[in-house]
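Chemist: Let me begin by handing over the structure; questions about it come next.
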Amino acid sequence: MVHVRGANAQPAGEPATADLSSWLDSIAEINRAANRGTPLPELLDLIAGTTARLTGHDFCSVLVEDPGRQALIINGSYGLSQDYIDTINARTPILIRPGDTGEGPSSRAFRSQRPTTVLDIAADPASRSWETVAAQQGYSSLLSVPLVVAHVPFGLINCYSAEQHEFTAREIILMESMANQAGLAIETTRRLAEAGQRADSSAQEAARLRAELDALQHADDNHSELLRVVLKGGGLPAIAGTLSGMLGCTVLVDDAAGRLLAAAGSTARPAARDGWFASVHAEARQRVGSSADLEVVAVPPAPGGAPDGAGLVVPVVLDEEVAGHLWALRPSSPLLVPQRRALVRAASVVALALLKERTAQEVEWRLSRDFFDDLLDADGPAVDALHARARQLGADLTRPHTVLVIRRDAGTEPLHASHEDREAYAQRSLLSLVQRTGAAWKGATLTATRSDHVVVLWQDAEGCTRSAAEFAHFLRREIQAYAAGWTATICIGPVCNQLPEYGDGYRLACGVLDLVQQSGRGDRVVSLDSVGAYRLLLQVKRPRELEAFARATLGQVHAYDEQHGTKLGSTLRGYMAQRCNTAVTAKRLHVHPNTVAYRLRRIEELLGIELTDPQALLHVQLALMVEGVLGDHPMAAEISPEPAP
């Protein structure tokens with residue numbers, strides 16, 4: 001066979017006589033490629049091609065240990081077909097251990113780290129597995145030289161000859177020199193690649209740090225802007241509006257009980273905005289559940305809804321307790337890590353605003369409490385000064401006011417406080433709830449605490465208690481909805497026109513509360529249409545005696561009504577209210593006068609009395625008054641009917 005060689009190559013078997021400058025140029029080319037950071041596969045192909053040209057052999061390959069350290073894989077080559085490379089790598093890999101026919105030459109060279117030669121592949125028993133592919137590729141002889149990189153076995157450089165060739169010691173030494181230079185070049189390439197990776201990693205880390213620094217700076221700017229809003233006197237609505245503009249989303253603030261305190265960013269019509277906010281807030285709370293008390297929580301979109309329903313909720317912590325939540329909903333773009341940070345820091349500003357409001361409220365409450373202490377003892381020359389103080393607190397006591405007293409029912413405790421703080425927490429919660437509700441109704445001109453209850457002065461320009469009653473019933477529903485763990489009873493006292501009347505009206509309302517709550521009939525609204533004989537009833541210190549009196553007087557009538565489905569009790573009450581006039585009573589009850597007369601006779605039979613007897617009438621009237629205060633029986637509701645909300 002005629003061999004085609006490079007211009008400087010020598011005849012086969014005499015590569016040692018190759019021109020030294022050619023070797024140096026080739027080695028320099030390999031080093032330049034390594035220093036340029038040539039990818040390792042390209043460098044291995046260059047090493048294989050350079051080695052083949054310098055030695056004058058027909059084929060050359062660079063084999064590398066696989067990651068599992070079980071076989072040698074061809075990673076660089078010269079003159080070898082792709083089919084041969086694929087067959088060796090995929091079907092007959094060179095195992096780094098003896099095979100069925102013994103250990104192949106490449107495996108021996110790698111494991112012993114010494115050059116190995118084969119004169120005739122077909123005659124070598126250990127090479128039987130590769131005999132066919134060797135014949136197809138067209139080589140007979142093999143020289144395998146270990147390739148070491150950074151003192152660690154890396155692979156092999158194999159040279160193949162088409163004709164049988166006896167490799168001389170000189171050739172082997174030159175091949176080892178080439179392998180050493182190749183190892184240095186590979187190590188250089190690897191180090192440059194590692195350095196490049198480290199540089200890329202450093203650049204990525206620097207970019208990440210810059211982005212984080214920018215985010216922190218942006219969060220600082222937002223935080224400073226929110227603080228300026230608070231320092232300028234802006235409350236929760238101003239904070240919500242500013243934060244909504246910063247984050248491009250709807251922002252809601254609620255308290256620990258879920259009451260919506262502030263909102264901003266609605267795209268709804270102004271007339272429907274409050275309802276829209278409430279709807280969005282209710283839906284978000286339902287999707288998140290109780291987990292919002294723990295940490296920053298992602299608000300998932302509504303099932304089947306648009307992705308813009310997603311958002312975030314952050315707890316607002318005050319005095320180591322969750323005082324509320326800050327919601328960011330329906331964002332115009334996804335809320336990423338920077339927005340999360342901004343929201344967390346904004347929660348601290350909301351906590352500051354809540355603390356500011358709480359402090360202002362406590363000052364206002366203290367001033368109002370001090371004013372009430374003096375108002376309830378108003379007399380003589382102090383009256384003018386009290387009017388001036390009332391005006392400073394926002395109340396005009398020259399106009400009529402209704403006295404309302406609200407007190408927590410015994411045996412009910414709040415759920416959001418430790419045992420030692422429950423009383424103070426409940427009283428503060430009750431006062432805050434009453435004041436917030438009164439401010440929304442714009443009728444409670446003064447609100448303050450006294451002892452274990454809250455007092456409200458409700459202005460009614462027309463001298464009618466109906467608006468106060470509506471407020472009382474609405475407030476009761478608010479307490480039931482938001483005051484977790486406790487209930488309250490509300491007494492609507494008399495209308496006061498002069499300052500000295502407030503003390504009596506307050507004490508009367510407190511007496512009604514004592515009567516109702518000590519009898520175990522709390523969580524209700526009680527009212528007095530007129531004072532009259534109620535003053536005498538409220539002097540009784542044992543409410544159970546009044547209960548027993550009412551039951552003994554009218555109990556048989558109620559029992560008969562319950563058993564037979566009659567209306568003797570309501571007929572009796574109407575009869576007494578119409579000054580014992582049968583005809584007027586029948587007209588008011590929409591029945592025939594004979595029906596009223598029959599019912600009255602039945603009542604007399606049941607009670608064993610005559611309704612013409614003044615003493616019997618007095619007892620019946622007192623019993624009805626007690627039931628009116630206690631709300632003991634369905635007919636008692638007619639004494640102080642609950643107005644429509």
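Starting from 1 in every chain, residues are counted up; chains themselves are A, B, ... following the order of the structure tokens, and ligands are numbered from 1 as listed.
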Give me the residues within 6 Å of Gly493 of chain A as a list in words, counting only C-alpha atoms and dropping any in the same chain fewer than 5 places off.

Modeler: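 The neighbour list is Val403, Leu404 and Ala509 of chain A.
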
Chemist: Give me, as a ChimeraX atom specification, all polymer residues having an atom no more than 8 Å from segment 584-591 of chain A, counting only C-alpha atoms and skipping those fewer than 6 positions away in the same chain.

Modeler: /A:571,574-575,578

Chemist: Write to file, as a compact mmCIF listing (two decimals), in the first residue's frame, the residues of the selection just made, with C-alpha atoms.

Modeler:
```txt
# COMPACT_ATOMS: atom_id res chain seq x y z
CA THR A 571 -104.36 40.75 73.49
CA GLY A 574 -102.78 45.62 73.57
CA TYR A 575 -105.64 46.02 76.00
CA GLN A 578 -105.11 51.12 74.86
```

Chemist: Got a sec to tell me which of segment 251-384 of chain A DSSP assigns to helix (DSSP H, G or I), as a PyMOL selection string?

Modeler: chain A and resi 270-293+307-309+337-375+382-384

Chemist: Under the rule that only C-alpha atoms are counted, which of A:Ala203, A:Cys496, A:Val405, A:Met178 is the nearest residue to Leu430 of chain A?

Modeler: A:Val405

Chemist: Using only C-alpha atoms, which protein or nucleic acid residues come within 7 Å of Pro331 of chain A? Drop anything in the same chain fewer than 4 positions from it, and give the result as a PyMOL selection string.

Modeler: chain A and resi 248-250+308+311

Chemist: Give me the residues near Asp319 of chain A as a ChimeraX atom specification, where near means some atom within 10 Å (using only C-alpha atoms) and where sequence neighbours in that chain fewer than 2 positions away do not count.

Modeler: /A:317,321-323,351,355

Chemist: Calculated over only C-alpha atoms, which of the candidates A:Trp441, A:Arg330, A:Gly155, A:Asp45 has the smallest distance to Pro67 of chain A?

Modeler: A:Gly155

Chemist: Which one of A:Ile490, A:Leu343, A:Ala150, A:Val230 sits closest to Lys356 of chain A if you count only C-alpha atoms?

Modeler: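 Nearest to Lys356 of chain A: A:Val230.
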
Chemist: Contacts of segment 554-563 of chain A at 10 Å or less, counting only C-alpha atoms, minus same-chain residues fewer than 3 places along, as an MDAnalysis selection string?

Modeler: chainID A and resid 548:551 566:570 572 602:607 619:620 623:624 627 633:635

Chemist: Can you write out the residues you just picked, keeping N, CA, C and O atoms, as a CSV table (one decimal), in the first residue's frame?

Modeler:
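Writing done, so here's out-v6.csv:
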```csv
chain,number,residue,atom,x,y,z
A,548,ALA,N,-89.2,36.3,88.7
A,548,ALA,CA,-90.2,35.4,89.4
A,548,ALA,C,-91.6,36.1,89.5
A,548,ALA,O,-92.6,35.5,89.4
A,549,PHE,N,-91.5,37.4,89.8
A,549,PHE,CA,-92.8,38.2,89.9
A,549,PHE,C,-93.6,38.1,88.5
A,549,PHE,O,-94.8,37.9,88.5
A,550,ALA,N,-92.8,38.4,87.4
A,550,ALA,CA,-93.5,38.4,86.1
A,550,ALA,C,-94.0,37.0,85.8
A,550,ALA,O,-95.1,36.9,85.2
A,551,ARG,N,-93.2,36.0,86.1
A,551,ARG,CA,-93.6,34.6,85.8
A,551,ARG,C,-94.9,34.2,86.6
A,551,ARG,O,-95.8,33.6,86.1
A,566,THR,N,-102.9,30.2,71.0
A,566,THR,CA,-103.8,31.4,71.1
A,566,THR,C,-102.9,32.7,71.2
A,566,THR,O,-101.7,32.6,71.3
A,567,LYS,N,-103.6,33.8,71.3
A,567,LYS,CA,-102.9,35.1,71.4
A,567,LYS,C,-103.5,35.9,72.6
A,567,LYS,O,-103.7,37.1,72.6
A,568,LEU,N,-103.6,35.2,73.8
A,568,LEU,CA,-104.1,35.9,74.9
A,568,LEU,C,-103.1,36.9,75.4
A,568,LEU,O,-103.5,38.0,75.8
A,569,GLY,N,-101.8,36.6,75.4
A,569,GLY,CA,-100.8,37.5,75.9
A,569,GLY,C,-100.7,38.8,75.1
A,569,GLY,O,-100.7,39.9,75.6
A,570,SER,N,-100.7,38.7,73.7
A,570,SER,CA,-100.7,39.9,72.9
A,570,SER,C,-102.0,40.7,73.1
A,570,SER,O,-102.0,42.0,73.0
A,572,LEU,N,-103.7,40.9,75.8
A,572,LEU,CA,-103.6,41.6,77.1
A,572,LEU,C,-102.7,42.8,77.0
A,572,LEU,O,-103.0,43.9,77.6
A,602,ARG,N,-111.1,34.9,79.4
A,602,ARG,CA,-110.3,33.7,79.6
A,602,ARG,C,-109.0,34.0,80.4
A,602,ARG,O,-108.6,33.2,81.2
A,603,ILE,N,-108.5,35.2,80.2
A,603,ILE,CA,-107.3,35.6,81.0
A,603,ILE,C,-107.7,35.8,82.4
A,603,ILE,O,-106.9,35.3,83.3
A,604,GLU,N,-108.8,36.3,82.7
A,604,GLU,CA,-109.3,36.5,84.1
A,604,GLU,C,-109.4,35.1,84.8
A,604,GLU,O,-109.0,34.9,85.9
A,605,GLU,N,-109.9,34.1,84.0
A,605,GLU,CA,-110.1,32.8,84.5
A,605,GLU,C,-108.7,32.1,84.8
A,605,GLU,O,-108.6,31.5,85.9
A,606,LEU,N,-107.8,32.3,83.9
A,606,LEU,CA,-106.5,31.7,84.1
A,606,LEU,C,-105.7,32.3,85.3
A,606,LEU,O,-105.1,31.6,86.0
A,607,LEU,N,-105.8,33.6,85.4
A,607,LEU,CA,-105.1,34.3,86.4
A,607,LEU,C,-105.8,34.4,87.7
A,607,LEU,O,-105.2,34.8,88.8
A,619,HIS,N,-100.5,45.0,89.0
A,619,HIS,CA,-99.6,43.8,88.9
A,619,HIS,C,-99.4,43.4,87.5
A,619,HIS,O,-98.3,43.1,87.1
A,620,VAL,N,-100.5,43.4,86.7
A,620,VAL,CA,-100.3,43.0,85.3
A,620,VAL,C,-99.4,44.0,84.6
A,620,VAL,O,-98.5,43.6,83.8
A,623,ALA,N,-95.8,43.5,85.6
A,623,ALA,CA,-95.3,42.2,85.0
A,623,ALA,C,-94.9,42.5,83.5
A,623,ALA,O,-93.9,42.0,83.0
A,624,LEU,N,-95.8,43.2,82.8
A,624,LEU,CA,-95.5,43.5,81.4
A,624,LEU,C,-94.3,44.4,81.2
A,624,LEU,O,-93.5,44.2,80.3
A,627,GLU,N,-91.2,42.2,81.6
A,627,GLU,CA,-91.0,41.4,80.4
A,627,GLU,C,-90.5,42.3,79.3
A,627,GLU,O,-89.7,41.9,78.4
A,633,HIS,N,-90.5,37.0,76.7
A,633,HIS,CA,-91.5,36.2,76.0
A,633,HIS,C,-91.8,36.9,74.7
A,633,HIS,O,-91.6,38.1,74.5
A,634,PRO,N,-92.2,36.2,73.6
A,634,PRO,CA,-92.4,36.8,72.3
A,634,PRO,C,-93.3,38.0,72.4
A,634,PRO,O,-93.1,39.0,71.6
A,635,MET,N,-94.3,38.0,73.2
A,635,MET,CA,-95.2,39.2,73.3
A,635,MET,C,-94.4,40.5,73.8
A,635,MET,O,-94.8,41.6,73.5
```

Chemist: May I ask for the distance between atom CA of Ala182 of chain A and atom CA of Ile30 of chain A, given in Å to one decimal place?

Modeler: 7.5 Å

Chemist: Using only C-alpha atoms, determine which residues lie at most 6 Å from Pro146 of chain A, disregarding the query and same-chain residues fewer than 3 positions distant; provide the list as a list in words.

Modeler: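 Selected residues are Phe110, Gln113 and Leu156 of chain A.
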
Chemist: Residues of the last selection are to be written out with N, CA and C atoms, as a JSON list (two decimals), in the first residue's frame.

Modeler:
```json
[["chain", "number", "residue", "atom", "x", "y", "z"],
["A", 110, "PHE", "N", -4.23, 1.79, 29.28],
["A", 110, "PHE", "CA", -4.81, 2.74, 30.24],
["A", 110, "PHE", "C", -4.60, 2.28, 31.68],
["A", 113, "GLN", "N", -0.84, 2.31, 32.39],
["A", 113, "GLN", "CA", -0.23, 3.62, 32.10],
["A", 113, "GLN", "C", 1.14, 3.45, 31.43],
["A", 156, "LEU", "N", -6.30, 8.02, 26.23],
["A", 156, "LEU", "CA", -5.25, 7.45, 25.38],
["A", 156, "LEU", "C", -5.17, 8.21, 24.07]]
```

Chemist: As a compact mmCIF listing (two decimals) with N, CA and C atoms, in the first residue's frame, please: the residues near Ile74 of chain A (cut-off 6 Å, only C-alpha atoms, same-chain neighbours under 2 positions excluded).

Modeler:
```txt
# COMPACT_ATOMS: atom_id res chain seq x y z
N VAL A 62 -8.28 9.97 19.89
CA VAL A 62 -8.06 10.31 21.30
C VAL A 62 -9.25 9.72 22.08
N LEU A 63 -8.93 8.77 22.98
CA LEU A 63 -9.95 8.12 23.78
C LEU A 63 -9.94 8.70 25.19
N GLY A 76 -11.98 12.36 20.05
CA GLY A 76 -11.28 13.09 19.00
C GLY A 76 -10.69 12.09 18.02
```

Chemist: Between A:Val229, A:Val454, A:Leu622, A:Leu336, which residue has the minimum interatomic distance to Ser368 of chain A, considering only C-alpha atoms?

Modeler: A:Val454
